[in-house]
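Heads up, entry33.csv below (CSV, C-alpha atoms):
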chain,number,residue,atom,x,y,z
B,1,MET,CA,-63.9,34.7,-5.3
B,2,LEU,CA,-60.7,35.8,-3.5
B,3,GLY,CA,-60.5,32.7,-1.3
B,4,SER,CA,-61.1,30.5,-4.4
B,5,ALA,CA,-58.2,32.2,-6.2
B,6,ARG,CA,-55.9,31.7,-3.3
B,7,ASN,CA,-56.8,28.0,-3.2
B,8,ARG,CA,-56.1,27.6,-6.9
B,9,ILE,CA,-52.7,29.3,-6.4
B,10,ARG,CA,-51.9,27.0,-3.4
B,11,ILE,CA,-52.8,23.9,-5.3
B,12,ALA,CA,-50.6,25.0,-8.3
B,13,LEU,CA,-47.6,25.6,-6.0
B,14,VAL,CA,-48.0,22.2,-4.3
B,15,ALA,CA,-48.2,20.5,-7.7
B,16,ALA,CA,-45.1,22.3,-8.9
B,17,ALA,CA,-43.1,21.3,-5.8
B,18,THR,CA,-44.2,17.7,-6.2
B,19,ALA,CA,-43.1,17.6,-9.8
B,20,ALA,CA,-39.8,19.1,-9.0
B,21,LEU,CA,-39.2,16.6,-6.2
B,22,ALA,CA,-40.1,13.7,-8.5
B,23,ALA,CA,-37.7,14.9,-11.1
B,24,PHE,CA,-34.9,15.2,-8.6
B,25,SER,CA,-35.5,11.7,-7.3
B,26,MET,CA,-35.4,10.3,-10.9
B,27,ALA,CA,-32.2,12.1,-11.8
B,28,PRO,CA,-29.1,9.8,-12.2
B,29,SER,CA,-26.6,9.7,-9.4
B,30,PRO,CA,-23.3,11.4,-10.1
B,31,ALA,CA,-20.8,9.1,-11.8
B,32,ALA,CA,-18.2,7.5,-9.5
B,33,THR,CA,-14.7,8.7,-10.0
B,34,PRO,CA,-12.2,6.2,-11.5
B,35,GLY,CA,-10.7,5.6,-8.1
B,36,GLU,CA,-14.1,4.9,-6.5
B,37,ALA,CA,-15.1,2.6,-9.3
B,38,ARG,CA,-11.8,0.7,-9.2
B,39,GLY,CA,-11.9,0.3,-5.4
B,40,GLY,CA,-15.5,-0.8,-5.5
B,41,THR,CA,-16.1,-3.2,-8.4
B,42,ALA,CA,-13.3,-3.1,-11.0
B,43,TRP,CA,-10.7,-4.6,-8.8
B,44,ALA,CA,-13.1,-7.5,-8.0
B,45,ASN,CA,-12.6,-8.7,-11.6
B,46,CYS,CA,-9.0,-10.0,-11.8
B,47,PRO,CA,-8.9,-12.6,-14.6
B,48,ALA,CA,-5.1,-12.5,-14.9
B,49,GLY,CA,-4.5,-12.8,-11.1
B,50,TYR,CA,-2.8,-10.8,-8.5
B,51,VAL,CA,0.5,-8.9,-8.0
B,52,GLY,CA,2.2,-7.5,-4.9
B,53,LEU,CA,3.0,-3.7,-4.7
B,54,THR,CA,5.6,-3.1,-2.0
B,55,TYR,CA,7.3,0.0,-0.6
B,56,ASP,CA,10.5,-0.3,1.5
B,57,ASP,CA,12.3,2.0,4.0
B,58,GLY,CA,9.5,4.2,5.3
B,59,PRO,CA,7.8,5.8,7.0
B,60,ASN,CA,9.1,9.0,5.4
B,61,PRO,CA,7.6,12.5,5.9
B,62,ALA,CA,8.5,13.4,2.3
B,63,SER,CA,6.5,10.5,0.7
B,64,THR,CA,4.4,8.4,3.0
B,65,GLN,CA,1.2,10.5,3.0
B,66,ALA,CA,1.5,11.1,-0.8
B,67,LEU,CA,1.8,7.4,-1.5
B,68,LEU,CA,-1.2,6.6,0.8
B,69,SER,CA,-3.3,9.3,-1.0
B,70,ALA,CA,-2.3,7.9,-4.5
B,71,LEU,CA,-3.1,4.3,-3.5
B,72,ARG,CA,-6.4,5.3,-1.8
B,73,ALA,CA,-7.4,7.2,-4.9
B,74,GLY,CA,-6.9,4.1,-7.0
B,75,GLY,CA,-8.6,1.8,-4.5
B,76,ALA,CA,-5.4,-0.2,-4.0
B,77,LYS,CA,-3.5,-1.6,-1.1
B,78,ALA,CA,0.2,-2.3,-0.8
B,79,THR,CA,2.7,-3.8,1.6
B,80,PHE,CA,5.0,-1.3,3.4
B,81,PHE,CA,8.3,-2.8,4.7
B,82,ILE,CA,9.1,-0.7,7.8
B,83,TRP,CA,12.6,0.6,8.7
B,84,GLY,CA,12.4,0.4,12.5
B,85,GLN,CA,14.4,3.6,13.3
B,86,HIS,CA,12.1,5.5,10.9
B,87,ALA,CA,9.0,4.2,12.6
B,88,GLU,CA,10.5,5.4,15.9
B,89,GLN,CA,11.0,8.9,14.4
B,90,TYR,CA,7.6,9.0,12.7
B,91,PRO,CA,5.1,6.8,14.6
B,92,ASP,CA,2.1,8.8,13.4
B,93,LEU,CA,3.0,8.1,9.8
B,94,LEU,CA,3.2,4.3,10.6
B,95,ARG,CA,-0.2,4.6,12.2
B,96,ALA,CA,-1.5,6.4,9.1
B,97,GLU,CA,-0.4,3.5,6.9
B,98,GLN,CA,-2.2,1.1,9.3
B,99,ALA,CA,-5.4,3.3,9.3
B,100,ALA,CA,-5.3,3.4,5.4
B,101,GLY,CA,-5.5,-0.4,5.4
B,102,MET,CA,-2.0,-1.0,4.1
B,103,TRP,CA,-0.1,-4.2,5.2
B,104,ILE,CA,2.7,-3.4,7.6
B,105,ALA,CA,5.9,-5.6,7.3
B,106,ASN,CA,9.3,-5.8,8.9
B,107,HIS,CA,12.5,-4.4,7.2
B,108,THR,CA,14.9,-4.5,10.2
B,109,ALA,CA,15.7,-1.8,12.7
B,110,THR,CA,18.7,-0.1,11.1
B,111,HIS,CA,18.7,-1.4,7.5
B,112,ALA,CA,21.8,-3.4,8.2
B,113,HIS,CA,23.6,-5.9,5.9
B,114,LEU,CA,22.3,-9.0,7.8
B,115,THR,CA,24.6,-11.5,6.1
B,116,GLN,CA,27.6,-9.5,7.2
B,117,ILE,CA,27.0,-8.6,10.8
B,118,GLY,CA,26.8,-12.1,12.4
B,119,GLU,CA,24.7,-13.4,15.2
B,120,PRO,CA,23.0,-12.5,17.4
B,121,ALA,CA,23.2,-9.1,15.7
B,122,ALA,CA,21.2,-10.1,12.7
B,123,TYR,CA,18.4,-11.7,14.8
B,124,ASN,CA,18.3,-8.6,17.0
B,125,GLU,CA,17.9,-6.4,13.9
B,126,ILE,CA,14.7,-8.2,12.9
B,127,ALA,CA,13.4,-8.7,16.5
B,128,THR,CA,13.9,-5.0,17.3
B,129,ALA,CA,11.9,-3.9,14.3
B,130,GLN,CA,9.2,-6.4,15.1
B,131,ASN,CA,8.9,-5.0,18.6
B,132,THR,CA,8.8,-1.4,17.4
B,133,VAL,CA,6.0,-2.0,14.9
B,134,ARG,CA,4.0,-4.0,17.5
B,135,ARG,CA,4.4,-1.3,20.1
B,136,ILE,CA,3.3,1.5,17.7
B,137,THR,CA,0.5,-0.3,15.9
B,138,GLY,CA,-0.6,-3.1,18.3
B,139,GLN,CA,0.0,-5.6,15.6
B,140,SER,CA,2.8,-8.0,14.8
B,141,PRO,CA,4.1,-8.2,11.2
B,142,THR,CA,4.0,-11.5,9.5
B,143,LEU,CA,6.3,-10.6,6.5
B,144,PHE,CA,9.9,-9.7,6.5
B,145,ARG,CA,12.2,-8.3,3.8
B,146,PRO,CA,16.0,-8.3,4.3
B,147,PRO,CA,17.7,-5.0,3.4
B,148,TYR,CA,19.3,-5.1,-0.1
B,149,GLY,CA,17.7,-8.5,-0.6
B,150,GLU,CA,20.7,-10.0,1.2
B,151,THR,CA,19.8,-13.3,2.8
B,152,ASN,CA,21.0,-16.7,3.7
B,153,ALA,CA,19.9,-19.8,5.6
B,154,GLN,CA,20.7,-18.1,9.0
B,155,VAL,CA,18.7,-15.0,8.2
B,156,ARG,CA,15.7,-17.0,7.0
B,157,SER,CA,16.0,-19.0,10.3
B,158,ASP,CA,16.0,-15.9,12.3
B,159,ALA,CA,12.9,-14.6,10.5
B,160,ALA,CA,11.1,-18.0,11.0
B,161,ARG,CA,11.9,-17.9,14.7
B,162,LEU,CA,9.9,-14.7,14.9
B,163,GLY,CA,7.0,-16.0,12.8
B,164,LEU,CA,8.0,-14.1,9.7
B,165,THR,CA,7.9,-15.1,6.0
B,166,GLU,CA,10.7,-13.7,3.9
B,167,VAL,CA,9.6,-11.7,0.9
B,168,LEU,CA,12.0,-10.7,-1.9
B,169,TRP,CA,10.8,-9.5,-5.3
B,170,SER,CA,10.5,-10.4,-9.0
B,171,VAL,CA,10.7,-6.9,-10.4
B,172,ASP,CA,13.0,-4.1,-9.3
B,173,SER,CA,11.6,-0.6,-10.1
B,174,GLN,CA,15.0,0.9,-9.7
B,175,ASP,CA,13.4,4.0,-8.1
B,176,TRP,CA,16.3,3.9,-5.6
B,177,ASN,CA,18.7,4.1,-8.5
B,178,GLY,CA,17.3,7.3,-10.0
B,179,ALA,CA,14.7,5.8,-12.3
B,180,GLY,CA,12.2,8.3,-13.7
B,181,THR,CA,8.4,7.9,-13.4
B,182,GLN,CA,8.0,6.3,-16.8
B,183,GLN,CA,10.8,3.9,-16.1
B,184,ILE,CA,9.1,2.8,-12.9
B,185,VAL,CA,5.8,2.4,-14.8
B,186,GLN,CA,7.6,0.4,-17.5
B,187,ALA,CA,9.1,-1.9,-14.9
B,188,ALA,CA,5.7,-2.5,-13.4
B,189,ALA,CA,4.4,-3.4,-16.8
B,190,GLY,CA,6.6,-6.5,-16.7
B,191,MET,CA,4.8,-8.0,-13.7
B,192,ARG,CA,2.9,-11.2,-14.2
B,193,ALA,CA,0.5,-13.0,-11.8
B,194,GLY,CA,2.2,-13.7,-8.5
B,195,GLY,CA,4.9,-11.1,-9.2
B,196,ILE,CA,6.1,-8.6,-6.6
B,197,ILE,CA,7.6,-5.2,-7.4
B,198,LEU,CA,10.2,-3.5,-5.3
B,199,MET,CA,9.5,0.2,-4.8
B,200,HIS,CA,10.5,2.6,-2.0
B,201,ASP,CA,8.8,5.0,0.5
B,202,GLY,CA,12.0,6.9,0.3
B,203,GLY,CA,11.0,10.5,-0.6
B,204,TYR,CA,11.0,9.8,-4.3
B,205,GLN,CA,8.3,11.9,-6.1
B,206,THR,CA,8.9,9.8,-9.2
B,207,THR,CA,7.6,6.8,-7.2
B,208,VAL,CA,4.5,8.7,-6.1
B,209,ASN,CA,3.8,9.9,-9.6
B,210,ALA,CA,4.0,6.4,-10.9
B,211,VAL,CA,1.1,5.0,-8.8
B,212,PRO,CA,-1.9,6.0,-11.0
B,213,GLN,CA,-0.2,4.8,-14.2
B,214,ILE,CA,0.8,1.5,-12.5
B,215,LEU,CA,-2.7,0.9,-11.3
B,216,SER,CA,-4.2,1.8,-14.7
B,217,GLY,CA,-1.8,-0.6,-16.4
B,218,LEU,CA,-2.6,-3.4,-14.1
B,219,ALA,CA,-6.3,-3.0,-14.6
B,220,ALA,CA,-5.9,-2.9,-18.4
B,221,ARG,CA,-4.1,-6.3,-18.2
B,222,GLY,CA,-6.7,-7.9,-15.9
B,223,LEU,CA,-4.3,-7.9,-12.9
B,224,CYS,CA,-5.2,-6.6,-9.4
B,225,PRO,CA,-3.1,-5.5,-6.4
B,226,GLY,CA,-3.1,-8.4,-4.0
B,227,ARG,CA,-1.9,-9.4,-0.5
B,228,ILE,CA,1.4,-11.2,0.1
B,229,THR,CA,1.0,-14.1,2.5
B,230,ALA,CA,2.8,-17.3,3.4
B,231,GLY,CA,2.2,-20.1,1.0
B,232,ALA,CA,3.1,-23.8,1.1
B,233,GLY,CA,6.6,-24.4,2.5
B,234,GLY,CA,6.7,-20.9,3.9
B,235,THR,CA,7.3,-19.2,0.6
B,236,ALA,CA,5.6,-15.9,-0.2
B,237,VAL,CA,2.6,-15.9,-2.5
B,238,VAL,CA,0.2,-13.2,-3.7
B,239,THR,CA,-3.5,-13.7,-3.1
B,240,ALA,CA,-6.7,-11.8,-3.2
B,241,PRO,CA,-6.8,-9.0,-0.6
Translate the structure described by the file into structure tokens.
Amino acid sequence: MLGSARNRIRIALVAAATAALAAFSMAPSPAATPGEARGGTAWANCPAGYVGLTYDDGPNPASTQALLSALRAGGAKATFFIWGQHAEQYPDLLRAEQAAGMWIANHTATHAHLTQIGEPAAYNEIATAQNTVRRITGQSPTLFRPPYGETNAQVRSDAARLGLTEVLWSVDSQDWNGAGTQQIVQAAAGMRAGGIILMHDGGYQTTVNAVPQILSGLAARGLCPGRITAGAGGTAVVTAP
């Protein structure tokens, strides 16, 4: 009698454990966060095309990591135009941008007015930054943005000699000019397919705060963050990442 009772108890416990395991296996998986969903499948649907998100003047200890975190949370990539002297000061932040999958581009060594300093100074500004980024990351940039957007035929020729495509912008966020977060977001709302927005890795919390709203606005309009590459004739175009 005692052994039979023990067997019945053992069978009942096994059955209960089996039922619990089955219930756990059938339970729905936790929902993905908005950033995970966007990075996985939502950005794959881009009926309105692609735009380029760009950040100049970094790396910067006051903003680089925060920008990377905000972009990663939204599953987005951007192009970072690197100020060579800042890369020399903060090489680990430049490597962090690379590790996060961001695109690293050239923004000269000292942020000089290239159209005013003459040759070979202008060429050396670009070449020095190119060498700095290559030494720190092991990769050579393919994109270049002249400081202040100041360019001419000679500057473009210098960039071309180094295998670089010049990239300007179609929308200026004005973050460098004291624009607030909502003003930056509103500027981004004016982007259309193929557009490129100028923002800065310059220690501006307003720029960091704008990232989630910019990404949400793009998604709502069927636009996706894309990659800037060289198009026909050497002009910059925005394509799928």
Quiz prompt | Atom pair atom CA of B:Thr165 / atom CA of B:Gly190: separation (Å) | solution = 24.3 Å
Practice problem: Would you list the residues near (-9.0, -5.3, -7.3), meaning any protein, DNA or RNA residue with an atom at most 6 Å from that point in file coordinates, counting only C-alpha atoms, as a ChimeraX atom specification? | Solution: /B:43-44,224-225
Would you compute the box with edges along x, y and z of the file around stretch 100-107 of chain B, including every atom the file lists for it and 3 Å extra on each side, and give its centre and edge lengths in Å to one decimal, as lines of an AutoDock Vina configuration file?
center_x = 3.5
center_y = -1.2
center_z = 6.5
size_x = 24.0
size_y = 15.2
size_z = 10.8
Exercise. Can you work out which one of B:Arg145, B:His113, B:Arg221, B:Arg134 has the shortest atom-to-atom distance to B:Asn45, counting all atoms listed in the file?
Key: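 Ranking B:Arg145, B:His113, B:Arg221, B:Arg134 by distance to B:Asn45, first place goes to B:Arg221.
With distances restricted to only C-alpha atoms, B:Asp201 is the closest residue to B:Phe80 from B:Asp158, B:Asp201, B:Asp92, B:Asp172.
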Exercise. Rounded to one decimal place, report the atom CA of B:Gln85-atom CA of B:Gly180 distance in Å.
Key: 27.5 Å
Quiz item: Pick from B:Ala87, B:Leu71, B:Leu198, B:Ala48: nearest to B:Ile136, with only C-alpha atoms counted?
Solution: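 Residue with the minimum atom-to-atom distance to B:Ile136: B:Ala87.
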Quiz prompt | Selected residue of minimal separation from B:Gly202 among B:Gly75, B:Pro147, B:Gly52, B:Pro61, counting all atoms listed in the file | solution = B:Pro61
